[in-house]
file structure_20.cif (mmCIF, C-alpha atoms and all ligand atoms)
data_my_file
loop_
_atom_site.label_atom_id
_atom_site.label_comp_id
_atom_site.auth_asym_id
_atom_site.auth_seq_id
_atom_site.Cartn_x
_atom_site.Cartn_y
_atom_site.Cartn_z
CA MET M 171 0.00 0.00 0.00
CA SER M 172 2.32 2.68 -1.25
CA ASP M 173 -0.23 5.44 -1.66
CA ASP M 174 -3.45 6.64 -0.13
CA LYS M 175 -5.75 5.45 -2.90
CA TRP M 176 -7.64 3.26 -0.46
CA ALA M 177 -8.33 6.28 1.74
CA GLU M 178 -9.68 8.24 -1.21
CA LYS M 179 -11.88 5.29 -2.14
CA LEU M 180 -13.16 5.04 1.43
CA ALA M 181 -13.73 8.79 1.55
CA GLU M 182 -16.41 8.37 -1.10
CA LYS M 183 -18.56 6.92 1.67
CA VAL M 184 -18.51 10.09 3.72
CA GLU M 185 -20.00 13.49 3.00
CA PRO M 186 -18.07 15.48 0.37
CA GLU M 187 -17.37 18.27 2.87
CA GLN M 188 -15.79 15.78 5.29
CA ARG M 189 -13.56 13.99 2.78
CA THR M 190 -10.38 16.00 3.21
CA GLU M 191 -10.55 15.75 6.99
CA PHE M 192 -11.44 12.08 6.80
CA ILE M 193 -8.42 11.24 4.63
CA ARG M 194 -6.13 13.23 6.91
CA PHE M 195 -7.55 11.42 9.93
CA VAL M 196 -7.17 7.87 8.57
CA THR M 197 -3.79 8.41 6.92
CA ALA M 198 -2.05 10.80 9.31
CA GLY M 199 -4.07 10.25 12.48
CA GLU M 200 -4.74 13.96 12.70
CA SER M 201 -8.14 15.53 13.01
CA SER M 202 -9.67 18.87 13.71
CA PRO M 203 -12.03 19.31 16.67
CA GLU M 204 -14.77 19.92 14.09
CA PHE M 205 -14.18 16.55 12.48
CA GLN M 206 -14.02 14.83 15.88
CA SER M 207 -17.38 16.20 16.92
CA HIS M 208 -18.85 15.37 13.53
CA LEU M 209 -17.52 11.84 13.85
CA ASP M 210 -19.17 11.47 17.25
CA SER M 211 -22.60 11.89 15.73
CA CYS M 212 -22.19 10.53 12.20
CA GLN M 213 -22.66 6.83 11.56
CA ALA M 214 -21.48 7.03 7.96
CA CYS M 215 -18.14 8.47 9.03
CA GLN M 216 -17.83 6.06 11.95
CA ALA M 217 -18.34 3.11 9.62
CA ALA M 218 -15.77 4.46 7.17
CA VAL M 219 -13.21 4.99 9.96
CA GLU M 220 -13.91 1.46 11.14
CA GLU M 221 -13.09 0.15 7.65
CA ALA M 222 -9.97 2.28 7.53
CA VAL M 223 -8.76 0.72 10.79
CA GLN M 224 -9.24 -2.75 9.30
CA ILE M 225 -7.40 -1.81 6.12
CA THR M 226 -4.47 -0.24 7.95
CA SER M 227 -4.15 -3.10 10.44
CA ARG M 228 -4.11 -5.62 7.57
CA GLY M 229 -1.42 -3.50 5.97
CA LEU M 230 0.62 -3.57 9.17
CA GLU M 231 0.23 -7.34 9.46
CA ARG M 232 1.57 -7.76 5.94
CA LEU M 233 4.46 -5.47 6.77
CA ALA M 234 5.23 -7.49 9.90
CA GLU M 235 5.16 -10.71 7.88
CA THR M 236 7.47 -9.23 5.29
CA LEU M 237 9.92 -8.13 7.95
CA ALA M 238 9.77 -11.53 9.66
CA ALA M 239 10.36 -13.29 6.33
CA ASP M 240 13.37 -11.08 5.63
CA ARG M 241 14.90 -11.98 8.96
CA ASN M 242 14.59 -15.69 8.21
CA LYS M 243 16.52 -15.51 4.97
ZN ZN M 301 -20.17 12.19 8.39
#
call {"tool": "encode", "arguments": {"input": "structure_20.cif", "output": "structure tokens", "more": "lines below"}}
Ligand SMILES: [Zn+2]
result
Amino acid sequence: MSDDKWAEKLAEKVEPEQRTEFIRFVTAGESSPEFQSHLDSCQACQAAVEEAVQITSRGLERLAETLAADRNK
């Protein structure tokens, strides 16, 4: 996962006005207070963040496997 294409794809599930903040949140872990309070009350954004967490944790697992495999060479 060398780029943030997945985040852009996922951002299509949230309101257009939240997309930039959403992508920043799921890729950089940064969010404005406005986005945080929106997230608290928005199920669409919560579901999209949930998916992002799954995608990024799968990515980390793959990275861990790759590193482990390299060590065994
Ligand atoms: Zn929302």
call {"tool": "residues_near_ligand", "arguments": {"input": "structure_20.cif", "ligand": "ligand ZN 301 (chain M)", "cutoff": "8 Å", "atoms": "only C-alpha atoms and all ligand atoms", "output": "mmCIF file with C-alpha atoms, in the coordinates of the input"}}
result
data_model
loop_
_atom_site.group_PDB
_atom_site.id
_atom_site.type_symbol
_atom_site.label_atom_id
_atom_site.label_comp_id
_atom_site.auth_asym_id
_atom_site.auth_seq_id
_atom_site.Cartn_x
_atom_site.Cartn_y
_atom_site.Cartn_z
ATOM 1 C CA VAL M 184 -18.510 10.090 3.720
ATOM 2 C CA GLU M 185 -20.000 13.490 3.000
ATOM 3 C CA GLN M 188 -15.790 15.780 5.290
ATOM 4 C CA HIS M 208 -18.850 15.370 13.530
ATOM 5 C CA LEU M 209 -17.520 11.840 13.850
ATOM 6 C CA SER M 211 -22.600 11.890 15.730
ATOM 7 C CA CYS M 212 -22.190 10.530 12.200
ATOM 8 C CA GLN M 213 -22.660 6.830 11.560
ATOM 9 C CA ALA M 214 -21.480 7.030 7.960
ATOM 10 C CA CYS M 215 -18.140 8.470 9.030
ATOM 11 C CA GLN M 216 -17.830 6.060 11.950
#
call {"tool": "residues_around", "arguments": {"input": "structure_20.cif", "residues": "Lys175 of chain M", "least_positions_apart": "6", "cutoff": "12 Å", "atoms": "only C-alpha atoms", "output": "JSON, numbers by chain"}}
result
{"M": [181, 182, 193, 196, 197, 222, 225]}
call {"tool": "axis_aligned_box", "arguments": {"input": "structure_20.cif", "around": "segment 215-219 of chain M", "padding_each_side": "3 Å", "output": "JSON"}}
result
{"center_x": -15.8, "center_y": 5.8, "center_z": 9.6, "size_x": 11.1, "size_y": 11.4, "size_z": 10.8}
call {"tool": "residues_near_point", "arguments": {"input": "structure_20.cif", "point": "(-12.7, 18.4, 13.6)", "cutoff": "12 Å", "atoms": "only C-alpha atoms", "output": "count of residues only"}}
result
20
call {"tool": "atom_distance", "arguments": {"input": "structure_20.cif", "atom1": "atom CA of Leu180 of chain M", "atom2": "atom CA of Ala217 of chain M"}}
result
9.9 Å
